[in-house]
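Containing compact mmCIF, C-alpha atoms: final13.txt.
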# COMPACT_ATOMS: atom_id res chain seq x y z
CA MET G 16 -7.67 135.93 -56.66
CA THR G 17 -9.46 133.48 -54.41
CA GLU G 18 -8.97 130.75 -57.04
CA LEU G 19 -5.37 131.74 -57.76
CA ARG G 20 -4.08 130.95 -54.32
CA PRO G 21 -5.07 127.23 -54.26
CA PHE G 22 -3.83 126.94 -57.84
CA LEU G 23 -0.42 128.33 -56.90
CA LEU G 24 -0.41 126.16 -53.81
CA ARG G 25 -1.01 123.07 -55.91
CA ILE G 26 1.76 124.11 -58.30
CA ALA G 27 4.18 124.65 -55.41
CA LEU G 28 3.22 121.29 -53.95
CA LEU G 29 3.78 119.62 -57.29
CA TRP G 30 7.21 121.25 -57.58
CA LEU G 31 8.09 119.97 -54.14
CA VAL G 32 7.05 116.45 -55.10
CA LEU G 33 9.01 116.68 -58.33
CA GLU G 34 12.09 117.93 -56.46
CA LEU G 35 11.83 115.02 -54.05
CA LEU G 36 11.39 112.67 -57.00
CA ALA G 37 14.55 114.07 -58.51
CA ALA G 38 16.34 113.71 -55.18
CA THR G 39 15.46 110.02 -55.05
CA GLN G 40 17.18 109.56 -58.41
CA ALA G 41 20.18 111.83 -57.94
CA VAL G 42 23.32 110.33 -56.44
CA THR G 43 26.08 112.22 -54.65
CA PRO G 44 29.75 111.78 -55.65
CA GLU G 45 30.05 109.48 -52.61
CA GLY G 46 27.41 107.20 -54.10
CA GLU G 47 24.70 108.17 -51.68
CA ARG G 48 21.16 109.03 -52.67
CA VAL G 49 20.49 112.75 -52.26
CA ALA G 50 17.07 112.02 -50.78
CA TRP G 51 18.68 109.86 -48.10
CA ARG G 52 21.13 112.63 -47.29
CA TRP G 53 18.24 115.09 -47.03
CA ALA G 54 16.34 112.74 -44.77
CA ARG G 55 19.37 112.36 -42.53
CA ALA G 56 19.88 116.12 -42.46
CA ALA G 57 16.22 116.58 -41.53
CA VAL G 58 16.25 113.93 -38.84
CA GLN G 59 19.65 114.83 -37.38
CA PRO G 60 18.50 117.94 -35.46
CA LEU G 61 15.52 116.01 -34.14
CA ALA G 62 17.73 113.11 -33.07
CA LEU G 63 20.15 115.57 -31.51
CA ALA G 64 17.29 117.31 -29.71
CA VAL G 65 15.95 113.96 -28.48
CA SER G 66 19.42 112.93 -27.34
CA GLU G 67 19.98 116.23 -25.55
CA ALA G 68 16.50 116.06 -24.03
CA GLY G 69 17.26 112.54 -22.80
CA SER G 70 20.52 113.74 -21.32
CA ALA G 71 18.76 116.69 -19.69
CA ALA G 72 16.07 114.35 -18.35
CA ALA G 73 18.74 112.04 -16.95
CA ASP G 74 20.41 115.03 -15.30
CA LEU G 75 17.06 116.14 -13.90
CA VAL G 76 16.36 112.67 -12.53
CA GLY G 77 19.82 112.62 -10.98
CA ALA G 78 19.27 116.04 -9.45
CA VAL G 79 15.91 114.99 -8.06
CA ARG G 80 17.48 111.82 -6.66
CA ASP G 81 20.32 113.82 -5.11
CA GLY G 82 17.80 116.28 -3.71
CA GLY G 83 15.83 113.42 -2.19
CA GLN G 84 19.04 112.00 -0.75
CA LEU G 85 19.91 115.40 0.71
CA LEU G 86 16.45 115.73 2.22
CA ALA G 87 16.73 112.25 3.71
CA ASP G 88 20.18 113.10 5.09
CA ASN G 89 18.83 116.34 6.47
CA ARG G 90 15.96 114.54 8.19
CA ARG G 91 18.33 111.91 9.54
CA MET G 92 20.71 114.55 10.85
CA THR G 93 17.84 116.53 12.37
CA VAL G 94 16.75 113.41 14.20
CA ALA G 95 20.36 112.79 15.23
CA ILE G 96 20.65 116.36 16.55
CA GLU G 97 17.45 115.93 18.53
CA GLU G 98 18.76 112.66 19.92
CA LEU G 99 22.02 114.34 20.89
CA ARG G 100 20.15 117.18 22.56
CA THR G 101 18.05 114.72 24.49
CA ARG G 102 21.15 112.74 25.41
CA ASN G 103 22.84 115.96 26.49
CA LEU G 104 19.90 116.80 28.72
CA LEU G 105 19.98 113.32 30.21
CA LEU G 106 23.72 113.57 30.73
CA ARG G 107 23.28 116.90 32.48
CA GLU G 108 20.63 115.33 34.64
CA ASP G 109 22.94 112.38 35.31
CA LEU G 110 25.78 114.74 36.16
CA ALA G 111 23.60 116.60 38.63
CA ALA G 112 22.49 113.26 40.06
CA LEU G 113 26.10 112.15 40.34
CA ARG G 114 27.01 115.31 42.20
CA GLU G 115 24.10 114.81 44.52
CA GLY G 116 25.07 111.17 44.88
CA ALA G 117 28.62 112.21 45.72
CA GLU G 118 27.31 114.46 48.45
CA LEU G 119 25.23 111.57 49.72
CA LEU G 120 28.19 109.22 49.63
CA GLU G 121 30.10 111.64 51.78
CA SER G 122 27.49 111.05 54.44
CA VAL G 123 27.81 107.27 54.09
CA GLY G 124 30.68 107.35 56.49
CA ARG G 125 28.23 108.40 59.15
CA ILE G 126 26.08 105.29 58.56
CA GLU G 127 27.12 101.94 59.97
CA THR G 128 25.63 99.90 57.16
CA ALA G 129 26.05 99.17 53.45
CA ALA G 130 24.35 101.64 51.13
CA VAL G 131 23.15 101.37 47.53
CA ILE G 132 22.96 104.54 45.46
CA GLY G 133 19.88 105.02 43.31
CA ARG G 134 18.89 107.39 40.53
CA CYS G 135 15.47 109.02 40.73
CA VAL G 136 13.70 108.51 37.41
CA PHE G 137 10.24 109.50 38.49
CA ARG G 138 8.90 111.40 41.46
CA ASP G 139 5.43 112.49 42.42
CA PRO G 140 5.68 114.38 45.72
CA ILE G 141 1.98 115.20 45.67
CA ARG G 142 1.02 111.55 45.75
CA GLY G 143 4.05 110.77 47.80
CA ARG G 144 5.80 108.25 45.58
CA MET G 145 8.99 107.99 43.59
CA GLU G 146 10.67 105.51 41.26
CA VAL G 147 14.36 104.83 41.70
CA ARG G 148 16.71 102.89 39.44
CA VAL G 149 19.59 101.03 40.98
CA ALA G 150 22.49 99.61 39.03
CA THR G 151 23.17 96.78 41.44
CA ARG G 152 21.72 93.30 41.13
CA VAL G 153 21.31 93.10 44.88
CA ALA G 154 17.68 92.59 45.83
CA ILE G 155 16.22 95.60 47.58
CA PRO G 156 13.82 94.33 50.27
CA LYS G 157 10.56 96.02 51.14
CA ASP G 158 10.72 98.73 53.86
CA THR G 159 14.32 99.56 53.00
CA PRO G 160 14.96 103.11 54.26
CA VAL G 161 15.65 105.64 51.53
CA LEU G 162 17.81 108.67 52.32
CA GLY G 163 18.11 111.87 50.37
CA ALA G 164 20.53 114.75 50.73
CA GLY G 165 19.80 116.03 54.23
CA GLY G 166 17.82 113.21 55.75
CA LEU G 167 15.11 110.61 55.38
CA ALA G 168 13.12 110.46 52.13
CA GLY G 169 10.92 107.41 52.63
CA ARG G 170 10.85 103.62 52.38
CA VAL G 171 10.78 101.02 49.65
CA VAL G 172 7.33 99.59 48.99
CA GLU G 173 8.10 97.59 45.86
CA SER G 174 11.24 96.36 44.16
CA ARG G 175 11.47 94.73 40.77
CA SER G 176 14.64 94.09 38.67
CA GLY G 177 16.48 97.32 39.28
CA SER G 178 13.37 99.43 39.60
CA VAL G 179 12.39 100.46 43.10
CA TRP G 180 9.22 102.24 44.16
CA VAL G 181 9.53 104.43 47.20
CA GLN G 182 6.81 105.71 49.49
CA LEU G 183 7.85 109.24 50.49
CA LEU G 184 7.47 110.65 53.96
CA THR G 185 4.78 112.97 52.69
CA HIS G 186 2.57 110.14 51.44
CA PRO G 187 -0.84 110.54 53.15
CA ALA G 188 -0.53 107.01 54.55
CA ALA G 189 3.10 107.35 55.70
CA ALA G 190 3.93 107.61 59.39
CA THR G 191 7.39 107.79 60.91
CA ALA G 192 8.34 107.52 64.54
CA VAL G 193 10.34 110.61 65.41
CA GLN G 194 11.85 112.31 68.38
CA THR G 195 13.63 115.49 69.14
CA THR G 196 17.40 115.36 68.82
CA ASN G 197 17.81 115.22 72.59
CA GLY G 198 15.23 112.44 72.85
CA SER G 199 13.01 114.36 75.25
CA LEU G 200 9.94 114.15 73.04
CA GLN G 201 8.58 111.20 71.08
CA ALA G 202 6.06 111.77 68.32
CA LEU G 203 4.78 110.55 64.95
CA ALA G 204 5.51 112.34 61.65
CA ALA G 205 2.56 111.73 59.31
CA GLY G 206 2.40 112.54 55.61
CA THR G 207 -0.02 115.23 54.52
CA GLY G 208 0.03 114.73 50.77
CA ARG G 209 1.96 117.99 50.41
CA PRO G 210 5.66 117.79 49.54
CA ASP G 211 6.69 120.52 51.97
CA ARG G 212 4.72 119.55 55.05
CA LEU G 213 4.59 116.87 57.72
CA ASP G 214 2.21 116.65 60.64
CA ILE G 215 3.97 115.94 63.92
CA GLN G 216 1.32 114.16 65.92
CA TYR G 217 0.94 113.28 69.58
CA VAL G 218 2.92 116.22 70.88
CA PRO G 219 1.56 116.92 74.38
CA ARG G 220 0.53 120.44 75.32
CA THR G 221 3.18 120.47 77.98
CA ALA G 222 5.98 119.70 75.52
CA ASP G 223 8.90 122.07 75.45
CA LEU G 224 9.11 122.60 71.70
CA LEU G 225 10.44 125.51 69.68
CA GLN G 226 9.99 126.51 66.05
CA GLY G 227 12.89 125.25 63.96
CA GLU G 228 13.66 122.38 66.28
CA ALA G 229 14.76 119.29 64.41
CA PHE G 230 13.14 115.85 64.52
CA VAL G 231 15.02 112.63 63.84
CA THR G 232 13.87 109.07 63.56
CA SER G 233 13.44 107.35 66.86
CA GLY G 234 13.52 103.74 65.57
CA ALA G 235 10.33 102.97 67.43
CA ASP G 236 8.47 102.06 64.23
CA GLY G 237 10.84 99.17 63.48
CA ILE G 238 11.46 100.42 59.98
CA TYR G 239 13.93 103.25 60.19
CA PRO G 240 17.08 103.25 62.29
CA ALA G 241 17.25 105.93 64.91
CA GLY G 242 18.89 109.29 64.37
CA ILE G 243 18.08 110.09 60.73
CA PRO G 244 16.93 113.71 60.27
CA VAL G 245 13.29 113.88 59.27
CA GLY G 246 12.35 117.56 59.44
CA SER G 247 12.20 120.70 61.50
CA VAL G 248 9.29 122.40 63.19
CA ALA G 249 7.61 124.95 60.93
CA SER G 250 4.63 125.92 63.12
CA ILE G 251 3.10 125.11 66.48
CA ARG G 252 -0.57 125.75 67.21
CA GLU G 253 -2.89 125.02 70.03
CA SER G 254 -5.76 122.72 69.22
CA ALA G 255 -9.01 121.72 70.84
CA GLY G 256 -7.68 118.24 71.56
CA ALA G 257 -5.09 116.94 73.99
CA PHE G 258 -2.14 117.54 71.67
CA LEU G 259 -0.46 120.43 69.96
CA GLU G 260 -0.88 120.90 66.26
CA VAL G 261 2.73 120.84 65.03
CA ARG G 262 3.77 121.10 61.44
CA ALA G 263 7.25 120.39 60.16
CA ALA G 264 9.15 120.85 56.89
CA PRO G 265 10.92 117.71 55.61
CA SER G 266 14.71 117.76 55.82
CA VAL G 267 14.91 116.57 52.22
CA GLU G 268 13.70 118.60 49.23
CA LEU G 269 11.52 115.79 47.93
CA ALA G 270 10.49 117.66 44.80
CA ARG G 271 14.11 118.04 43.65
CA LEU G 272 15.62 114.70 44.56
CA ARG G 273 17.93 113.22 41.95
CA ALA G 274 19.92 110.64 43.83
CA VAL G 275 19.11 108.63 46.94
CA LEU G 276 20.79 106.10 49.16
CA LEU G 277 19.06 102.84 49.99
CA LEU G 278 19.97 100.91 53.12
CA PRO G 279 18.89 97.31 52.32
CA ASP G 280 20.74 95.77 55.27
CA VAL G 281 18.55 97.76 57.63
CA ALA G 282 15.46 96.07 56.28
CA ARG G 283 17.08 92.62 56.24
CA GLY G 284 18.42 92.21 59.69
CA PRO G 285 18.67 93.60 63.19
CA ARG G 286 18.73 97.35 63.33
CA PRO G 287 22.22 98.79 63.23
CA GLY G 288 23.46 101.50 65.45
CA GLY G 289 21.81 104.12 63.36
CA TRP G 290 22.64 107.56 62.13
CA ARG G 291 25.57 109.18 63.82
CA MET V 24 -7.45 119.45 -81.30
CA ALA V 25 -7.73 117.09 -78.34
CA VAL V 26 -5.78 114.47 -80.21
CA THR V 27 -3.51 116.62 -82.32
CA ALA V 28 -2.02 118.68 -79.44
CA PRO V 29 -0.48 115.70 -77.60
CA LEU V 30 0.75 114.30 -80.88
CA LEU V 31 2.32 117.60 -81.83
CA ILE V 32 3.90 117.92 -78.38
CA ALA V 33 5.36 114.45 -78.66
CA ALA V 34 6.62 115.25 -82.13
CA THR V 35 8.22 118.44 -80.84
CA LEU V 36 10.01 116.56 -78.10
CA LEU V 37 11.24 113.90 -80.50
CA LEU V 38 12.47 116.59 -82.85
CA GLN V 39 14.22 118.25 -79.88
CA ARG V 40 15.94 114.94 -79.25
CA LEU V 41 17.10 114.85 -82.84
CA LEU V 42 18.35 118.44 -82.70
CA GLY V 43 20.79 117.51 -79.99
CA ALA V 44 22.11 114.53 -81.92
CA PRO V 45 25.85 114.50 -82.65
CA GLY V 46 26.86 115.95 -85.99
CA GLY V 47 24.36 118.82 -86.03
CA PRO V 48 25.24 122.52 -85.68
CA GLN V 49 25.99 123.71 -82.19
CA TRP V 50 23.05 126.13 -82.03
CA SER V 51 20.57 123.38 -82.85
CA GLY V 52 21.18 121.79 -79.48
CA LEU V 53 20.46 125.09 -77.77
CA LEU V 54 17.09 125.64 -79.43
CA LEU V 55 14.16 124.87 -77.13
CA LEU V 56 11.47 123.71 -79.50
CA PRO V 57 8.79 123.00 -76.85
CA ALA V 58 8.86 126.68 -75.88
CA VAL V 59 6.16 127.21 -78.38
CA TRP V 60 3.83 125.09 -76.18
CA VAL V 61 4.16 127.56 -73.31
CA VAL V 62 4.31 130.75 -75.37
CA GLY V 63 1.34 129.94 -77.60
CA PRO V 64 -1.22 129.09 -74.93
CA ALA V 65 -0.17 132.16 -72.90
CA LEU V 66 -0.68 134.53 -75.84
CA LEU V 67 -3.80 132.80 -77.14
CA GLY V 68 -5.57 132.64 -73.76
CA GLY V 69 -5.18 128.94 -73.22
CA GLY V 70 -5.82 129.20 -69.48
CA ARG V 71 -4.24 127.63 -66.43
CA ARG V 72 -4.66 124.08 -67.66
CA TRP V 73 -1.65 124.69 -69.89
CA VAL V 74 0.51 124.95 -66.80
CA TRP V 75 -0.33 121.32 -66.07
CA ILE V 76 0.29 120.50 -69.72
CA ALA V 77 3.67 122.20 -69.34
CA VAL V 78 4.38 119.81 -66.48
CA ALA V 79 3.73 116.93 -68.88
CA VAL V 80 5.96 118.58 -71.49
CA GLY V 81 8.69 118.91 -68.87
CA LEU V 82 8.34 115.30 -67.81
CA GLY V 83 8.67 114.27 -71.44
CA TRP V 84 11.70 116.53 -71.72
CA ASP V 85 13.26 114.86 -68.67
CA ALA V 86 12.49 111.39 -69.95
CA LEU V 87 14.05 112.05 -73.34
CA LEU V 88 16.87 114.47 -72.60
CA GLU V 89 17.83 114.48 -68.91
CA PRO V 90 19.39 111.90 -66.57
CA ILE V 91 16.75 112.39 -63.87
CA ILE V 92 13.04 113.11 -64.00
CA GLY V 93 11.61 116.14 -62.22
CA PRO V 94 13.71 119.26 -62.78
CA GLY V 95 12.52 119.72 -66.37
CA ALA V 96 8.89 119.52 -65.32
CA ILE V 97 9.47 122.21 -62.71
CA ALA V 98 11.32 124.45 -65.19
CA TRP V 99 8.73 124.17 -67.97
CA SER V 100 5.77 124.65 -65.62
CA ALA V 101 7.50 127.66 -64.06
CA ALA V 102 7.96 129.17 -67.51
CA ALA V 103 4.30 128.49 -68.38
CA LEU V 104 3.16 130.06 -65.11
CA PHE V 105 5.29 133.16 -65.59
CA LEU V 106 4.18 133.63 -69.20
CA LEU V 107 0.57 133.24 -68.15
CA TRP V 108 1.05 136.11 -65.73
CA LEU V 109 3.06 138.10 -68.32
CA ALA V 110 0.33 137.73 -70.90
CA SER V 111 -2.16 139.15 -68.44
CA ILE V 112 -0.25 142.45 -68.33
CA VAL V 113 1.01 142.59 -71.94
CA ALA V 114 -1.63 143.38 -74.53
CA ASP V 115 0.50 142.75 -77.62
CA ARG V 116 -0.22 139.50 -79.48
CA SER V 117 1.83 140.22 -82.59
CA PRO V 118 4.77 138.08 -83.81
CA LYS V 119 7.01 140.41 -81.83
CA ALA V 120 5.22 139.37 -78.68
CA TRP V 121 5.78 135.72 -79.66
CA LEU V 122 9.45 136.52 -80.10
CA GLY V 123 9.73 138.23 -76.74
CA PHE V 124 7.76 135.57 -74.89
CA GLY V 125 9.96 132.92 -76.50
CA ALA V 126 13.06 134.65 -75.20
CA VAL V 127 11.61 134.90 -71.73
CA ALA V 128 10.51 131.25 -71.80
CA ALA V 129 13.99 130.09 -72.80
CA ALA V 130 15.67 132.15 -70.11
CA ILE V 131 13.28 130.93 -67.41
CA VAL V 132 13.54 127.28 -68.43
CA ILE V 133 17.33 127.33 -68.43
CA LEU V 134 17.75 129.30 -65.20
CA VAL V 135 15.05 127.48 -63.23
CA HIS V 136 16.42 124.15 -64.42
CA ARG V 137 19.85 125.07 -63.06
CA LEU V 138 18.24 126.34 -59.89
CA VAL V 139 16.35 123.08 -59.34
CA LEU V 140 19.52 121.06 -59.84
CA LEU V 141 21.39 123.17 -57.28
CA PRO V 142 20.18 121.38 -54.08
CA LEU V 143 20.73 118.03 -55.79
CA GLY V 144 24.41 118.79 -56.26
CA LEU V 145 24.09 118.29 -60.01
CA THR V 146 24.32 121.89 -61.09
CA ARG V 147 26.34 122.74 -64.12
CA PRO V 148 27.91 126.16 -64.65
CA VAL V 149 25.82 128.46 -66.85
CA ARG V 150 27.74 129.55 -69.87
CA TRP V 151 26.35 132.97 -70.65
CA ILE V 152 27.10 132.64 -74.35
CA ASP V 153 25.12 129.41 -74.50
CA LEU V 154 22.31 131.06 -72.57
CA ALA V 155 22.29 134.01 -74.98
CA VAL V 156 22.34 131.76 -78.04
CA SER V 157 19.61 129.59 -76.59
CA VAL V 158 17.46 132.61 -75.81
CA ALA V 159 18.05 134.05 -79.27
CA VAL V 160 17.28 130.95 -81.31
CA THR V 161 14.28 130.03 -79.16
CA ALA V 162 12.95 133.57 -79.52
CA ALA V 163 13.45 133.33 -83.26
CA TRP V 164 11.65 129.99 -83.34
CA CYS V 165 8.69 131.34 -81.38
CA GLY V 166 8.68 134.53 -83.46
CA LEU V 167 8.62 132.42 -86.60
CA VAL V 168 5.68 130.42 -85.31
CA GLY V 169 3.87 133.66 -84.38
CA TRP V 170 4.54 135.20 -87.79
CA ILE V 171 3.32 132.10 -89.62
CA ARG V 172 0.25 132.08 -87.46
CA SER V 173 -0.38 135.75 -88.21
CA LEU V 174 -0.47 134.96 -91.93
CA ASP V 175 -3.64 132.96 -91.27
CA LEU V 176 -2.86 130.51 -94.06
CA PRO V 177 -6.13 128.53 -93.80
CA LYS V 178 -8.11 131.72 -94.45
CA ARG V 179 -5.97 132.60 -97.45
CA TRP V 180 -6.31 129.05 -98.71
CA ARG V 181 -10.08 129.16 -98.43
CA ALA V 182 -10.14 132.56 -100.26
CA ARG V 183 -8.00 131.17 -103.06
CA GLN V 184 -10.27 128.15 -103.37
CA ALA V 185 -13.28 130.43 -103.57
CA ARG V 186 -11.69 132.48 -106.32
CA THR V 187 -10.79 129.32 -108.24
CA LEU V 188 -14.34 128.03 -108.02
CA ARG V 189 -15.66 131.30 -109.48
C-alpha cells encoding of this file:
Amino acid sequence: MTELRPFLLRIALLWLVLELLAATQAVTPEGERVAWRWARAAVQPLALAVSEAGSAAADLVGAVRDGGQLLADNRRMTVAIEELRTRNLLLREDLAALREGAELLESVGRIETAAVIGRCVFRDPIRGRMEVRVATRVAIPKDTPVLGAGGLAGRVVESRSGSVWVQLLTHPAAATAVQTTNGSLQALAAGTGRPDRLDIQYVPRTADLLQGEAFVTSGADGIYPAGIPVGSVASIRESAGAFLEVRAAPSVELARLRAVLLLPDVARGPRPGGWR
Amino acid sequence: MAVTAPLLIAATLLLQRLLGAPGGPQWSGLLLLPAVWVVGPALLGGGRRWVWIAVAVGLGWDALLEPIIGPGAIAWSAAALFLLWLASIVADRSPKAWLGFGAVAAAIVILVHRLVLLPLGLTRPVRWIDLAVSVAVTAAWCGLVGWIRSLDLPKRWRARQARTLR
C-alpha cells in the first residue's frame, strides 16, 4: 500500500502532463489553442483579484488621505476656535475697558487740559507699576499724570512708541503732595508697596482729621495739578514721633484698572487750573 | 522476450491501422487489437511496469490513429491500471477471464478516451451500438488469444516431436 500511493501519484501526474500535451495540440473552433484558453481561464481570476485588490488599495489610500485631510482640517479648526475664544476674551476685555474709558471721558469735562486715553495691558500693583498702550502718536512726556476712574493713579516714568510705563501711587518710592479737600492740612501720600494702602505722612498731632476724609493733590510737588482725588483716610493712629500715623485707601482700584487718562499737557507746560 | 514484445506491439498497432483502412468490414475498425497487451499482462502477473508499457502503446495508438497525442495514452494506461486491480481480485485465468477482461478493457479505453477529449472540446458522441460491437469483438479477440494460449501449443509440439523420435 505504501508503494501503491506514489505509483498512482506518478500515473496521475503523467495523465495530467498528457492532457496538457493534448491541449497544446487541440484547437478550438475559433482557431485558438485549447491550452492558451485554459491558461487564460486560470489567470483570469488571478488578474481579476489583482485588479480588484489594486482598486481596493487605491480606495484605501484615498480614504487614508481623506482621513488625514479631515484630521488636518479638524486641527486647523480647533486652532481657529481657540483663536476666536482668545479674541472673544480680548474683545470682552476691550469692551470693559471702553466702558471704563467712557466713564473716564465723562470726567474729562472737569479737567481743563487735553487728555489721552490709554488701555492697561499690564499692571503689577504690588510692585507699583503698570503698562499702558495709547493709540495716539503724540509723545507722552515723563511725569505725565495718569488718572483712573475715581482719581489719581500715578505718573508716567517711561514712554516708548505707544507703550507707556506708569509708576502707581502705591509704588514704594512714590510720593504725592496732598491736602484735605478744604486745604486745611498739607501732607505727603507715600506708596507702601500694597495696592490698597497709602501712608499719609507729616500729619501733625494737632490736625483735625477724621476717618473717611478725602485727600486730593495739592500741586506742591510740581508734578500733579491740584484737586485730583488721591484717597480717603482709612485709619489714624498715634505714634511715638511728632506726627500721626495715617493710612489711606487709594481713590482708584489700582488692581482692576482697565483704562486710564493721561494728561501730557500737564507735564509739558505750566500747570493748568487743575481738577474741578 | 525483451525484443519480441516491442516488435509484437508495433505489429499489433500497424495491424490496427490496417483494420481501419477503407474497404474493410465495419466491425474490423471497432476491434481493439492492442487490448491483448493490457489483458495478458494483468492475467499473467506482468506487474505494474505494464502500465507504463500501456502508456507507450497508447502513444503509438495516438501517433498512428488519432489527430492529437495524449488521450490514447491516458485511456490505455487507465485500462491497464484497472485490469491490474481487477486481476488482483479475480482468481480465474481461463479463456473466459481473457474474454471478460477484453470486454472491460475495450469499454474502459473507449469511455476514458471520450472523457479525456471532453475538456478539449473534441468529444464525439458515443454510439452505443458501436461501443457494444467494439466491446464484443475485442472480447472475442482476447478470448481467442486466451484460448490459444491455454492450448499450450509449444508443449504439444515438443510432445509430438518426442513421440516421433521414438
- Task: May I have the residues of chain G within 9 Å of chain V, counting only C-alpha atoms, written as a ChimeraX atom specification?
- Result: /G:22,26,29-38,40-44,49-50
- Residues near region 140-156 of chain G, cut-off 6 Å, all atoms listed in the file, skip fewer than 2 positions along chain, as JSON, numbers by chain: {"G": [133, 134, 135, 136, 137, 138, 159, 177, 178, 179, 180, 181, 182, 183, 185, 186, 208, 209, 210, 270, 279]}
- Message: Excluding region 41-43 of chain V and its own-chain neighbours fewer than 2 positions away, which residues fall within 12 Å of it when counting all atoms listed in the file? Please give them as a PyMOL selection string.
- Response: chain V and resi 34-39+45-56+87-89
- Message: Can you tell me which residues surround region 168-181 of chain V at a distance of at most 9 Å, considering only C-alpha atoms, apart from same-chain residues fewer than 5 positions away, and format the answer as number ranges by chain?
- Response: V: 59, 63, 116-122, 163, 186
- Just how far from CA of Ala65 (chain V) is CA of Leu106 (chain V), in Å to one decimal? 5.9 Å
- Item | Two-atom distance - CA of Ala126 (chain V), CA of Leu154 (chain V) (Å) |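 Distance reported for this atom pair: 10.3 Å.
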- Give me the residues within 8 Å of Pro219 (chain G) as a ChimeraX atom specification, counting only C-alpha atoms and dropping any in the same chain fewer than 6 places off. /G:257-259
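Atom pair CA of Glu115 (chain G) / CA of Ala164 (chain G) has a distance of 7.2 Å (rounded to one decimal).
Of the listed residues (G:Val275, G:Val131, G:Leu162, G:Val76), G:Leu162 comes nearest to Tyr239 (chain G); the distances count only C-alpha atoms.
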- Message: Please list, as a PyMOL selection string, the residues that have an atom at most 12 Å away from (26.8, 130.4, -66.3) in the coordinates of this file, counting only C-alpha atoms.
- Response: chain V and resi 130+133-134+137-138+146-155
- Take the point (-0.3, 109.8, 53.7) in the file's coordinates, draw a sphere of radius 6 Å around it, and report as an MDAnalysis selection string every protein, DNA or RNA residue with an atom inside or on it, counting only C-alpha atoms. chainID G and resid 186:189 206:208
- Message: Given only C-alpha atoms as the basis, pick out the residue of G:Thr191, G:Ser247, G:Thr196, G:Ser254 nearest to Ala235 (chain G).
- Response: G:Thr191
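The closest residue to Pro57 (chain V), picked from V:Trp84, V:Phe105, V:Phe124, V:Trp73 and counting only C-alpha atoms, is V:Trp84.
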Starting from the sparse input, extend region 49-61 of chain V to N, CA, C and O atoms and give the output as a compact mmCIF listing (two decimals), in the frame of the given file.
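And here's selection-v2.txt as it stands now:
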# COMPACT_ATOMS: atom_id res chain seq x y z
N GLN V 49 25.99 123.53 -83.64
CA GLN V 49 25.99 123.71 -82.19
C GLN V 49 24.72 124.40 -81.71
O GLN V 49 24.19 124.08 -80.66
N TRP V 50 24.22 125.36 -82.47
CA TRP V 50 23.05 126.13 -82.03
C TRP V 50 21.79 125.26 -81.98
O TRP V 50 20.86 125.55 -81.24
N SER V 51 21.78 124.20 -82.79
CA SER V 51 20.57 123.38 -82.85
C SER V 51 20.29 122.70 -81.51
O SER V 51 19.15 122.47 -81.12
N GLY V 52 21.38 122.41 -80.79
CA GLY V 52 21.18 121.79 -79.48
C GLY V 52 20.70 122.78 -78.43
O GLY V 52 20.19 122.37 -77.38
N LEU V 53 20.86 124.06 -78.74
CA LEU V 53 20.46 125.09 -77.77
C LEU V 53 19.04 125.61 -78.02
O LEU V 53 18.51 126.36 -77.21
N LEU V 54 18.46 125.22 -79.11
CA LEU V 54 17.09 125.64 -79.43
C LEU V 54 16.09 124.83 -78.61
O LEU V 54 16.16 123.61 -78.55
N LEU V 55 15.17 125.54 -77.95
CA LEU V 55 14.16 124.87 -77.13
C LEU V 55 12.85 124.85 -77.91
O LEU V 55 12.05 125.79 -77.83
N LEU V 56 12.66 123.80 -78.65
CA LEU V 56 11.47 123.71 -79.50
C LEU V 56 10.16 123.73 -78.71
O LEU V 56 9.20 124.39 -79.11
N PRO V 57 10.09 123.03 -77.57
CA PRO V 57 8.79 123.00 -76.85
C PRO V 57 8.37 124.36 -76.28
O PRO V 57 7.27 124.47 -75.74
N ALA V 58 9.23 125.37 -76.42
CA ALA V 58 8.86 126.68 -75.88
C ALA V 58 7.58 127.20 -76.51
O ALA V 58 6.83 127.96 -75.87
N VAL V 59 7.36 126.76 -77.69
CA VAL V 59 6.16 127.21 -78.38
C VAL V 59 4.89 126.73 -77.68
O VAL V 59 3.83 127.37 -77.76
N TRP V 60 5.00 125.63 -76.89
CA TRP V 60 3.83 125.09 -76.18
C TRP V 60 3.57 125.80 -74.83
O TRP V 60 2.59 125.50 -74.17
N VAL V 61 4.46 126.71 -74.47
CA VAL V 61 4.16 127.56 -73.31
C VAL V 61 3.89 129.00 -73.75
O VAL V 61 3.15 129.72 -73.10
